[in-house]
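Asks: This is query21.cif, which holds mmCIF, C-alpha atoms:
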data_work
#
loop_
_atom_site.label_atom_id
_atom_site.label_comp_id
_atom_site.auth_asym_id
_atom_site.auth_seq_id
_atom_site.Cartn_x
_atom_site.Cartn_y
_atom_site.Cartn_z
CA MET A 1 17.20 35.89 16.80
CA ALA A 2 16.54 34.16 20.12
CA ASN A 3 14.08 31.28 20.21
CA ILE A 4 10.68 32.08 21.71
CA PRO A 5 9.80 29.66 24.52
CA THR A 6 6.49 27.82 24.24
CA LEU A 7 3.59 28.44 26.58
CA ASN A 8 4.23 25.10 28.24
CA GLU A 9 7.91 25.93 28.77
CA LEU A 10 7.01 29.27 30.37
CA TYR A 11 4.36 27.63 32.52
CA SER A 12 6.77 24.93 33.71
CA ALA A 13 9.46 27.54 34.49
CA ILE A 14 7.01 29.63 36.59
CA VAL A 15 5.81 26.54 38.50
CA ALA A 16 9.43 25.55 39.14
CA ASP A 17 10.18 29.07 40.47
CA ILE A 18 7.20 28.93 42.83
CA GLU A 19 8.15 25.48 44.10
CA SER A 20 11.76 26.60 44.62
CA LYS A 21 10.70 29.79 46.39
CA TYR A 22 8.41 28.06 48.88
CA SER A 23 10.21 24.70 49.06
CA THR A 24 7.09 22.78 48.18
CA THR A 25 5.61 20.74 45.35
CA LEU A 26 2.41 22.00 43.80
CA PRO A 27 -0.21 19.27 43.33
CA ALA A 28 -0.67 18.24 39.72
CA PHE A 29 -4.43 17.67 39.98
CA GLY A 30 -7.39 19.35 41.60
CA LYS A 31 -8.04 22.99 42.32
CA ASN A 32 -4.81 24.88 42.84
CA PHE A 33 -4.60 28.66 42.80
CA LEU A 34 -0.84 28.82 42.20
CA ARG A 35 -0.98 26.61 39.10
CA ALA A 36 -3.81 28.73 37.70
CA LEU A 37 -1.74 31.87 38.42
CA ALA A 38 1.28 30.29 36.69
CA SER A 39 -0.86 29.57 33.61
CA VAL A 40 -2.06 33.19 33.43
CA GLN A 41 1.45 34.60 33.89
CA ALA A 42 2.81 32.24 31.22
CA GLY A 43 0.27 33.61 28.73
CA LYS A 44 1.26 37.21 29.53
CA LEU A 45 4.98 36.46 29.24
CA TYR A 46 4.40 34.70 25.92
CA LEU A 47 2.85 37.88 24.49
CA TYR A 48 5.85 39.89 25.71
CA TYR A 49 8.22 37.45 24.00
CA LEU A 50 6.27 37.71 20.74
CA LEU A 51 6.36 41.52 20.89
CA SER A 52 10.10 41.57 21.68
CA ALA A 53 10.79 39.18 18.79
CA LYS A 54 8.80 41.35 16.39
CA ILE A 55 10.67 44.48 17.51
CA GLN A 56 14.02 42.71 17.12
CA LYS A 57 13.04 41.45 13.66
CA ASN A 58 12.03 44.90 12.47
CA ILE A 59 15.16 46.80 13.48
CA PHE A 60 17.07 45.24 10.57
CA ALA A 61 16.24 45.70 6.89
CA ASP A 62 17.10 42.09 5.99
CA THR A 63 14.44 40.65 8.31
CA ALA A 64 11.88 43.46 8.58
CA ASP A 65 8.26 42.79 7.67
CA SER A 66 6.32 44.94 5.26
CA GLU A 67 4.29 47.78 6.76
CA LEU A 68 1.23 45.86 5.55
CA PHE A 69 1.98 43.44 8.40
CA GLY A 70 3.05 46.02 10.96
CA GLY A 71 6.73 45.99 9.99
CA THR A 72 9.29 48.63 9.05
CA LEU A 73 10.68 47.51 5.68
CA GLU A 74 9.24 50.45 3.74
CA ARG A 75 10.64 52.85 6.32
CA PHE A 76 14.14 51.57 5.58
CA GLY A 77 13.38 51.99 1.89
CA ARG A 78 12.21 55.56 2.28
CA VAL A 79 15.42 56.39 4.14
CA LYS A 80 17.86 54.73 1.68
CA LEU A 81 15.97 54.63 -1.62
CA GLY A 82 13.72 57.61 -1.08
CA ARG A 83 10.63 55.70 -2.15
CA ASN A 84 8.08 53.05 -1.30
CA PRO A 85 7.80 49.86 -3.38
CA PHE A 86 6.70 50.61 -6.92
CA PRO A 87 2.94 50.08 -7.29
CA ALA A 88 1.42 48.37 -10.31
CA THR A 89 0.86 50.82 -13.18
CA ALA A 90 -1.96 50.95 -15.73
CA GLY A 91 -1.40 50.71 -19.47
CA GLN A 92 -2.48 53.36 -21.95
CA TYR A 93 -3.33 52.62 -25.57
CA THR A 94 -4.16 54.31 -28.85
CA ILE A 95 -7.46 53.03 -30.24
CA GLU A 96 -8.79 53.54 -33.75
CA VAL A 97 -12.52 54.22 -33.91
CA VAL A 98 -14.87 54.64 -36.84
CA GLY A 99 -17.86 56.94 -37.08
CA THR A 100 -19.56 59.88 -38.74
CA VAL A 101 -17.99 63.34 -38.95
CA GLY A 102 -18.94 65.37 -35.88
CA ALA A 103 -19.80 62.36 -33.73
CA PHE A 104 -18.91 63.08 -30.10
CA ILE A 105 -17.33 60.65 -27.62
CA PRO A 106 -17.48 62.15 -24.10
CA ALA A 107 -14.80 61.77 -21.46
CA ASN A 108 -15.24 58.81 -19.08
CA THR A 109 -16.61 56.65 -21.91
CA THR A 110 -15.57 53.04 -21.23
CA PHE A 111 -14.64 50.21 -23.59
CA LYS A 112 -14.54 46.51 -22.74
CA ALA A 113 -11.86 44.23 -24.19
CA ASN A 114 -13.34 41.53 -26.43
CA ASP A 115 -13.14 37.86 -25.53
CA ASP A 116 -10.40 37.17 -28.09
CA SER A 117 -8.13 39.92 -26.73
CA THR A 118 -5.18 39.34 -24.39
CA SER A 119 -7.22 40.70 -21.44
CA PRO A 120 -10.84 39.70 -22.11
CA GLY A 121 -13.45 41.59 -20.12
CA SER A 122 -11.09 44.31 -18.87
CA LEU A 123 -12.29 47.91 -18.91
CA TYR A 124 -10.57 50.97 -20.42
CA VAL A 125 -11.62 54.60 -20.13
CA LEU A 126 -11.36 57.72 -22.29
CA ASP A 127 -10.05 60.63 -20.18
CA THR A 128 -10.82 63.53 -22.55
CA ASP A 129 -13.65 64.42 -24.91
CA PHE A 130 -13.14 63.47 -28.57
CA THR A 131 -14.95 64.63 -31.71
CA LEU A 132 -14.57 62.68 -34.95
CA THR A 133 -13.12 64.78 -37.78
CA GLY A 134 -13.78 62.45 -40.69
CA THR A 135 -10.07 62.16 -41.44
CA PRO A 136 -8.90 58.60 -40.81
CA PRO A 137 -7.42 57.25 -38.74
CA GLU A 138 -9.60 58.54 -35.90
CA LEU A 139 -7.43 57.82 -32.83
CA ILE A 140 -8.38 58.08 -29.17
CA GLN A 141 -6.32 57.30 -26.08
CA LEU A 142 -7.68 54.85 -23.50
CA ARG A 143 -6.37 54.12 -20.02
CA SER A 144 -6.83 50.79 -18.27
CA LEU A 145 -9.03 50.99 -15.19
CA ASP A 146 -6.90 48.27 -13.59
CA ALA A 147 -3.16 48.31 -13.02
CA GLY A 148 -0.72 45.53 -13.79
CA LEU A 149 0.27 43.14 -16.56
CA ASP A 150 -2.94 41.12 -16.28
CA PHE A 151 -4.72 43.93 -18.12
CA ARG A 152 -2.28 44.47 -20.98
CA LEU A 153 -3.52 44.77 -24.56
CA GLU A 154 -1.68 44.01 -27.78
CA ILE A 155 -1.81 45.75 -31.13
CA GLY A 156 -4.79 44.43 -33.08
CA ASN A 157 -6.92 43.64 -30.01
CA GLU A 158 -10.50 44.86 -30.29
CA LEU A 159 -12.63 46.58 -27.66
CA THR A 160 -16.39 47.26 -27.55
CA LEU A 161 -18.21 50.31 -26.18
CA THR A 162 -20.01 49.47 -22.94
CA ALA A 163 -22.83 51.83 -23.94
CA PRO A 164 -23.76 52.76 -27.55
CA ILE A 165 -22.86 56.24 -28.82
CA ALA A 166 -24.73 57.78 -31.73
CA LEU A 167 -22.88 57.74 -35.06
CA VAL A 168 -19.90 55.81 -33.62
CA ASP A 169 -19.17 52.14 -34.34
CA ASP A 170 -19.16 49.97 -31.24
CA ILE A 171 -15.79 48.33 -32.04
CA GLY A 172 -12.38 49.97 -31.60
CA THR A 173 -8.96 48.50 -32.44
CA VAL A 174 -5.66 48.88 -30.57
CA THR A 175 -3.03 50.49 -32.81
CA ALA A 176 -0.28 51.33 -30.30
CA GLU A 177 0.78 50.98 -26.68
CA ILE A 178 1.55 54.42 -25.26
CA VAL A 179 2.33 53.49 -21.65
CA ALA A 180 3.27 49.90 -20.86
CA PRO A 181 1.62 48.47 -17.74
CA GLN A 182 3.93 47.16 -15.04
CA SER A 183 3.44 44.78 -12.16
CA ALA A 184 3.86 45.88 -8.55
CA GLU A 185 7.35 45.51 -7.09
CA GLU A 186 7.67 42.31 -5.09
CA THR A 187 8.53 42.69 -1.41
CA GLU A 188 11.73 40.64 -1.68
CA ASP A 189 12.89 42.57 -4.76
CA TYR A 190 12.33 45.80 -2.83
CA ARG A 191 14.21 44.38 0.19
CA ARG A 192 17.19 43.42 -2.00
CA LYS A 193 17.39 46.92 -3.45
CA VAL A 194 17.23 48.43 0.04
CA LEU A 195 20.07 46.15 1.19
CA ASP A 196 22.10 47.07 -1.90
CA ALA A 197 21.65 50.75 -1.04
CA TYR A 198 23.05 50.06 2.45
CA ARG A 199 25.88 47.76 1.39
CA LEU A 200 27.11 49.41 -1.80
CA GLU A 201 29.02 52.60 -1.25
CA PRO A 202 28.60 55.43 -3.79
CA GLN A 203 31.95 56.08 -5.45
CA GLY A 204 31.34 58.64 -8.18
CA GLY A 205 30.61 56.26 -11.03
CA SER A 206 31.75 52.84 -9.80
CA GLY A 207 29.92 49.64 -10.66
CA SER A 208 27.88 49.89 -7.46
CA ASP A 209 26.60 53.32 -8.52
CA TYR A 210 25.28 51.97 -11.81
CA ARG A 211 23.52 49.12 -10.02
CA ILE A 212 21.85 51.50 -7.56
CA TRP A 213 20.86 53.92 -10.33
CA ALA A 214 19.35 51.16 -12.47
CA SER A 215 17.27 49.97 -9.50
CA ASP A 216 15.27 53.20 -9.75
CA VAL A 217 13.45 51.65 -12.71
CA GLN A 218 10.47 49.56 -11.69
CA SER A 219 10.91 46.68 -14.14
CA VAL A 220 14.63 46.11 -13.39
CA GLU A 221 15.46 42.94 -11.48
CA GLN A 222 19.25 43.36 -11.52
CA SER A 223 22.01 45.08 -13.49
CA TYR A 224 25.57 44.07 -14.40
CA PRO A 225 27.95 46.96 -15.23
CA TYR A 226 31.36 46.38 -16.84
CA ALA A 227 34.01 48.52 -18.47
CA SER A 228 33.55 48.04 -22.21
CA THR A 229 36.07 45.70 -23.82
CA LEU A 230 35.61 47.35 -27.23
CA SER A 231 36.02 51.06 -26.46
CA ASN A 232 37.83 53.12 -23.88
CA ASN A 233 35.82 55.21 -21.44
CA GLU A 234 32.61 53.34 -22.15
CA VAL A 235 30.43 51.24 -19.85
CA ASP A 236 28.44 48.17 -20.84
CA LEU A 237 25.42 47.98 -18.57
CA PHE A 238 23.51 44.70 -18.92
CA ILE A 239 19.93 44.89 -17.63
CA GLU A 240 17.91 41.94 -16.30
CA ALA A 241 14.17 42.57 -16.08
CA THR A 242 11.79 41.09 -13.56
CA ILE A 243 10.17 37.92 -14.89
CA ALA A 244 6.74 39.58 -14.99
CA ASP A 245 8.01 42.56 -17.00
CA SER A 246 10.41 40.70 -19.29
CA THR A 247 9.65 40.19 -22.97
CA ASP A 248 10.21 36.43 -22.88
CA GLY A 249 9.46 35.42 -19.30
CA PHE A 250 13.18 34.72 -18.74
CA GLY A 251 14.48 38.20 -17.81
CA THR A 252 15.07 39.92 -21.15
CA PRO A 253 14.15 43.62 -20.77
CA SER A 254 12.00 45.51 -23.23
CA ALA A 255 13.29 48.48 -25.22
CA THR A 256 11.15 50.65 -22.94
CA THR A 257 12.95 49.34 -19.86
CA LEU A 258 16.36 50.07 -21.38
CA THR A 259 15.24 53.59 -22.25
CA GLU A 260 13.96 54.14 -18.72
CA VAL A 261 17.32 53.01 -17.28
CA GLN A 262 19.11 55.44 -19.58
CA THR A 263 16.79 58.22 -18.42
CA ALA A 264 17.41 57.34 -14.76
CA ILE A 265 21.18 57.61 -15.27
CA GLU A 266 21.64 60.38 -17.81
CA SER A 267 18.63 62.72 -17.61
CA PRO A 268 18.73 65.41 -14.90
CA THR A 269 15.67 66.03 -12.75
CA VAL A 270 14.55 68.72 -10.34
CA GLU A 271 15.96 66.66 -7.45
CA ARG A 272 19.34 65.75 -8.97
CA PRO A 273 21.70 66.35 -11.91
CA SER A 274 22.67 63.78 -14.52
CA ARG A 275 24.40 60.83 -12.88
CA LYS A 276 26.70 59.85 -15.75
CA PRO A 277 30.26 60.54 -14.52
CA LEU A 278 32.64 62.89 -16.26
CA GLY A 279 35.06 60.97 -18.43
CA VAL A 280 32.53 58.34 -19.45
CA HIS A 281 31.93 58.88 -23.16
CA ALA A 282 28.98 56.49 -23.42
CA VAL A 283 26.95 53.99 -21.47
CA ASN A 284 25.75 51.07 -23.59
CA TYR A 285 22.40 49.85 -22.28
CA LEU A 286 22.20 46.18 -23.18
CA PRO A 287 19.76 43.34 -22.50
CA VAL A 288 21.04 40.29 -20.68
CA ILE A 289 21.89 37.29 -22.87
CA ILE A 290 19.68 34.29 -22.11
CA LYS A 291 21.59 31.01 -22.22
CA GLN A 292 19.30 28.00 -22.70
CA ILE A 293 20.26 25.06 -20.48
CA ASP A 294 19.38 21.50 -21.49
CA ILE A 295 20.27 18.52 -19.33
CA GLU A 296 20.25 14.82 -20.28
CA ILE A 297 20.43 12.24 -17.49
CA THR A 298 21.21 8.72 -18.67
CA GLY A 299 20.33 5.45 -17.01
CA PHE A 300 18.39 6.83 -14.06
CA VAL A 301 17.13 3.81 -12.10
CA GLY A 302 13.55 4.01 -10.81
CA ILE A 303 12.74 7.48 -12.13
CA THR A 304 9.11 8.54 -11.61
CA PRO A 305 7.13 11.65 -12.62
CA ALA A 306 7.08 12.80 -8.99
CA LEU A 307 10.86 12.43 -8.69
CA GLU A 308 11.34 14.22 -12.03
CA ALA A 309 9.33 17.18 -10.70
CA ILE A 310 11.41 17.35 -7.52
CA ILE A 311 14.71 17.27 -9.43
CA LEU A 312 13.42 19.90 -11.88
CA THR A 313 12.51 22.24 -9.02
CA SER A 314 15.89 21.73 -7.33
CA ILE A 315 17.89 22.54 -10.46
CA GLU A 316 15.66 25.48 -11.40
CA THR A 317 16.04 26.96 -7.91
CA ASP A 318 19.83 26.64 -8.08
CA LEU A 319 20.05 28.19 -11.55
CA GLU A 320 18.11 31.21 -10.31
CA THR A 321 21.11 32.03 -8.11
CA VAL A 322 23.73 31.62 -10.88
CA ARG A 323 24.55 35.07 -12.20
CA PRO A 324 27.53 36.92 -13.75
CA PHE A 325 30.14 38.12 -11.30
CA VAL A 326 30.79 41.87 -11.21
CA GLY A 327 34.21 42.42 -9.65
CA SER A 328 33.53 46.06 -8.78
CA ILE A 329 30.43 45.16 -6.76
CA ASP A 330 30.11 41.53 -5.77
CA ILE A 331 31.87 39.80 -2.90
CA VAL A 332 34.27 37.10 -4.05
CA ALA A 333 33.03 34.71 -1.34
CA ASN A 334 29.54 34.91 -2.90
CA LYS A 335 30.77 34.35 -6.47
CA ASN A 336 28.37 31.96 -8.20
CA ASP A 337 28.80 32.20 -11.98
CA ILE A 338 29.69 28.60 -12.89
CA PHE A 339 27.35 25.69 -13.63
CA ASP A 340 28.70 22.24 -14.42
CA THR A 341 27.88 18.54 -14.46
CA ASN A 342 29.29 18.05 -10.96
CA LYS A 343 26.79 20.58 -9.64
CA ILE A 344 23.96 18.70 -11.35
CA ILE A 345 25.06 15.42 -9.78
CA SER A 346 25.26 17.08 -6.37
CA LEU A 347 21.76 18.56 -6.71
CA ILE A 348 20.28 15.20 -7.74
CA LEU A 349 21.88 13.38 -4.80
CA GLU A 350 20.78 16.11 -2.37
CA THR A 351 17.23 15.88 -3.68
CA ALA A 352 17.07 12.09 -3.99
CA PRO A 353 19.81 10.47 -1.85
CA GLY A 354 20.95 7.09 -3.10
CA SER A 355 19.88 7.71 -6.70
CA VAL A 356 21.60 5.60 -9.33
CA PHE A 357 22.18 7.07 -12.77
CA GLY A 358 24.75 7.25 -15.56
CA ALA A 359 26.41 10.08 -17.43
CA ILE A 360 25.15 13.66 -17.30
CA VAL A 361 25.11 15.68 -20.53
CA LEU A 362 24.96 19.46 -20.08
CA LYS A 363 24.16 21.65 -23.10
CA VAL A 364 24.31 25.44 -23.24
CA ASP A 365 22.54 26.83 -26.31
CA SER A 366 22.55 23.27 -27.70
CA VAL A 367 26.35 22.93 -27.36
CA PRO A 368 27.54 20.10 -25.04
CA VAL A 369 29.88 21.33 -22.29
CA SER A 370 31.14 19.97 -18.99
CA MET A 371 31.24 23.42 -17.42
CA PHE A 372 30.02 26.90 -18.35
CA GLN A 373 30.90 30.24 -16.80
CA PHE A 374 28.30 32.98 -17.13
CA LEU A 375 30.16 36.17 -18.01
CA ASN A 376 29.07 39.76 -18.60
CA GLY A 377 25.35 39.62 -19.32
CA ASP A 378 24.89 35.84 -19.55
CA ILE A 379 21.80 34.57 -17.69
CA PRO A 380 20.89 30.86 -17.46
CA HIS A 381 17.43 29.51 -18.18
CA LEU A 382 16.56 25.83 -17.73
CA ASN A 383 14.96 24.75 -21.00
CA SER A 384 14.62 21.01 -20.41
CA ILE A 385 15.66 17.95 -18.42
CA SER A 386 15.39 14.64 -20.25
CA TYR A 387 15.96 11.08 -19.06
CA VAL A 388 17.49 8.71 -21.60
#
Using structure tokens, write down the structure from this file.

Replies:
Amino acid sequence: MANIPTLNELYSAIVADIESKYSTTLPAFGKNFLRALASVQAGKLYLYYLLSAKIQKNIFADTADSELFGGTLERFGRVKLGRNPFPATAGQYTIEVVGTVGAFIPANTTFKANDDSTSPGSLYVLDTDFTLTGTPPELIQLRSLDAGLDFRLEIGNELTLTAPIALVDDIGTVTAEIVAPQSAEETEDYRRKVLDAYRLEPQGGSGSDYRIWASDVQSVEQSYPYASTLSNNEVDLFIEATIADSTDGFGTPSATTLTEVQTAIESPTVERPSRKPLGVHAVNYLPVIIKQIDIEITGFVGITPALEAIILTSIETDLETVRPFVGSIDIVANKNDIFDTNKIISLILETAPGSVFGAIVLKVDSVPVSMFQFLNGDIPHLNSISYV
């Protein structure tokens, strides 16, 4: 994208054009109509440059802004993915209540999560009327009034009626999660899926097809399909969840996410048939395997807490890009599935040039190694960096 000239550069260029046209030098001080005109024209041209740059930026999916900021990213997504970014979804829960036979709880009754719950102060609503039968457990279904993971409840959490109801105890207890809440899809995650849809060609069941199909599920960050090494005509599909929707904060998907991926691939809908290719006996839906990374740096001269934080950020950022290579999808030039001690040394010296330190000890799942290649569903997670 071309650089946008500054106002001063535009102004100077217009003044130079005027001076060249009339073979004169405009005075630098005092009242001068032509310099004032040049200033006005520079401002107008600057706006044109900004508009042209925005148009140029938004004709490509990799640089387009979100429609929230006047861009076209979602338009690309609607064309290639057939959808907008996934919005945050609200959780739904089964709640056990206690009361007298015949007590009536009307629809739109609200409960407030207690202070010791996972989402204290959040509100949940009953969508349908409920009459107590006297046969325990008395179970009602509540829906969160707010969407997203910040309002998730866990089994055993207690909620309190916001207004008393005759013959019904004020306290209810969560017994099950019916619909798991999910966070809204991040703009950059949505952009990556749009780019995948453009770059990866559908091939009737190739690795790229499985990756595109899995991206239909909101909580999926990435997928890694391989031909099974244990059985013929089977596919091992490793699923990495978004950090927000993972069970451990590292990318491990929940059982619900794996089921949703299976549904997206194998269950026909009104719009399309089942996607699982003929000849594939089974697709094994597997969670990624988190590999814990521990690093020991010996003899670091002059280490400080601030420098430790900078090095930590640098290594964490690099590890976020280390992922298993899928030969049927990924470009060999972009292959980045190896992490070793040389890489650690390079990152330290890039972050803090001139640093002096001794040996580097790299451990993967507590086992010392000099190099580790992340295969199939292996995903790295930086557990610790220690200085000894």

Asks: Quick one: everything within 12 Å of segment 335-339 of chain A, counting all atoms listed in the file, minus sequence neighbours fewer than 5 positions away in the same chain. Send it as a ChimeraX atom specification.

Replies: /A:291,293-295,315-316,318-327,329-330,344-347,362-364,369-382

Asks: Residues near Thr175 of chain A, anyone? I mean within 6 Å using all atoms listed in the file, not counting same-chain ones fewer than 5 positions away, as an NGL selection string.

Replies: :A and (94-95 or 155)

Asks: If you apply the PyMOL selection byres ((chain A and resi 59) around 12) to this file, what residues do you get, as a list in words?

Replies: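 That expression, the PyMOL selection byres ((chain A and resi 59) around 12), corresponds here to Met1, Ser52, Ala53, Lys54, Ile55, Gln56, Lys57, Asn58, Phe60, Ala61, Asp62, Thr63, Ala64, Asp65, Gly71, Thr72, Leu73, Glu74, Arg75 and Phe76 of chain A.
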
Asks: Would you export the selected residues with C-alpha atoms as a short mmCIF file (atom, residue, chain, number, x, y, z; two decimals), in the coordinates of the input, please?

Replies:
data_model
loop_
_atom_site.label_atom_id
_atom_site.label_comp_id
_atom_site.auth_asym_id
_atom_site.auth_seq_id
_atom_site.Cartn_x
_atom_site.Cartn_y
_atom_site.Cartn_z
CA MET A 1 17.20 35.89 16.80
CA SER A 52 10.10 41.57 21.68
CA ALA A 53 10.79 39.18 18.79
CA LYS A 54 8.80 41.35 16.39
CA ILE A 55 10.67 44.48 17.51
CA GLN A 56 14.02 42.71 17.12
CA LYS A 57 13.04 41.45 13.66
CA ASN A 58 12.03 44.90 12.47
CA PHE A 60 17.07 45.24 10.57
CA ALA A 61 16.24 45.70 6.89
CA ASP A 62 17.10 42.09 5.99
CA THR A 63 14.44 40.65 8.31
CA ALA A 64 11.88 43.46 8.58
CA ASP A 65 8.26 42.79 7.67
CA GLY A 71 6.73 45.99 9.99
CA THR A 72 9.29 48.63 9.05
CA LEU A 73 10.68 47.51 5.68
CA GLU A 74 9.24 50.45 3.74
CA ARG A 75 10.64 52.85 6.32
CA PHE A 76 14.14 51.57 5.58
#

Asks: Which one of A:Phe69, A:Phe104, A:Tyr22, A:Tyr48 sits closest to Ala166 of chain A if you count all atoms listed in the file?

Replies: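 Among the listed residues, the smallest separation from Ala166 of chain A belongs to A:Phe104.
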
Asks: For the provided coordinates, the residues matched by the PyMOL selection byres ((chain A and resi 360) around 7) should be stated as a PyMOL selection string.

Replies: chain A and resi 296-298+341+358-359+361-362

Asks: Those same residues, written as a PDB file, keeping the file's coordinate frame with C-alpha atoms?

Replies:
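The resulting part_15.pdb:
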ATOM      1  CA  GLU A 296      20.250  14.820 -20.280  1.00  0.00           C
ATOM      2  CA  ILE A 297      20.430  12.240 -17.490  1.00  0.00           C
ATOM      3  CA  THR A 298      21.210   8.720 -18.670  1.00  0.00           C
ATOM      4  CA  THR A 341      27.880  18.540 -14.460  1.00  0.00           C
ATOM      5  CA  GLY A 358      24.750   7.250 -15.560  1.00  0.00           C
ATOM      6  CA  ALA A 359      26.410  10.080 -17.430  1.00  0.00           C
ATOM      7  CA  VAL A 361      25.110  15.680 -20.530  1.00  0.00           C
ATOM      8  CA  LEU A 362      24.960  19.460 -20.080  1.00  0.00           C
TER       9      LEU A 362
END

Asks: Could you please determine the separation between atom CA of Ile385 of chain A and atom CA of Leu312 of chain A in Å, to one decimal place?

Replies: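 For atom CA of Ile385 of chain A relative to atom CA of Leu312 of chain A, the distance reads 7.2 Å.
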
Asks: Give me the result of the PyMOL selection byres ((chain A and resi 302-307) around 12) on this file, residue by residue, as a count of residues only.

Replies: 24

Asks: Which is closer to Glu177 of chain A than all the others in A:Val125, A:Ala113, A:Ala227, A:Ala90, using only C-alpha atoms?

Replies: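 Of A:Val125, A:Ala113, A:Ala227, A:Ala90, the one nearest Glu177 of chain A is A:Ala90, counting only C-alpha atoms.
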
Asks: Which residues come within 9 Å of Ser183 of chain A, counting only C-alpha atoms, excluding same-chain residues fewer than 4 positions away, as a list in words?

Replies: Phe86, Pro87, Ala88, Thr89, Ala90, Ala147, Gly148, Leu149, Asp150, Gln218, Ser219, Ala244 and Asp245 of chain A

Asks: Closest to Leu145 of chain A among A:Leu132, A:Leu126, A:Ala36, A:Ala264, using all atoms listed in the file?

Replies: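 Distance minimum relative to Leu145 of chain A lands on A:Leu126.
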
Asks: Using only C-alpha atoms, which protein or nucleic acid residues come within 10 Å of Leu26 of chain A? Drop anything in the same chain fewer than 6 positions from it, and give the result as a list in words.

Replies: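 Returned residues: Val15, Ala16, Ile18, Glu19, Asn32, Phe33, Leu34 and Arg35 of chain A.
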
Asks: For those residues, write C-alpha atoms to a file as a short mmCIF file (atom, residue, chain, number, x, y, z; two decimals), in the frame of the given file.

Replies:
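Saved to result_31.cif:
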data_model
loop_
_atom_site.label_atom_id
_atom_site.label_comp_id
_atom_site.auth_asym_id
_atom_site.auth_seq_id
_atom_site.Cartn_x
_atom_site.Cartn_y
_atom_site.Cartn_z
CA VAL A 15 5.81 26.54 38.50
CA ALA A 16 9.43 25.55 39.14
CA ILE A 18 7.20 28.93 42.83
CA GLU A 19 8.15 25.48 44.10
CA ASN A 32 -4.81 24.88 42.84
CA PHE A 33 -4.60 28.66 42.80
CA LEU A 34 -0.84 28.82 42.20
CA ARG A 35 -0.98 26.61 39.10
#

Asks: Go through A:Val194, A:Ala38, A:Ala214, A:Leu51 one by one, measure the shortest atom-to-atom distance of each to Lys276 of chain A using all atoms listed in the file, and give the residue with the smallest value.

Replies: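 With all atoms listed in the file as the atom set, the closest residue is A:Ala214.
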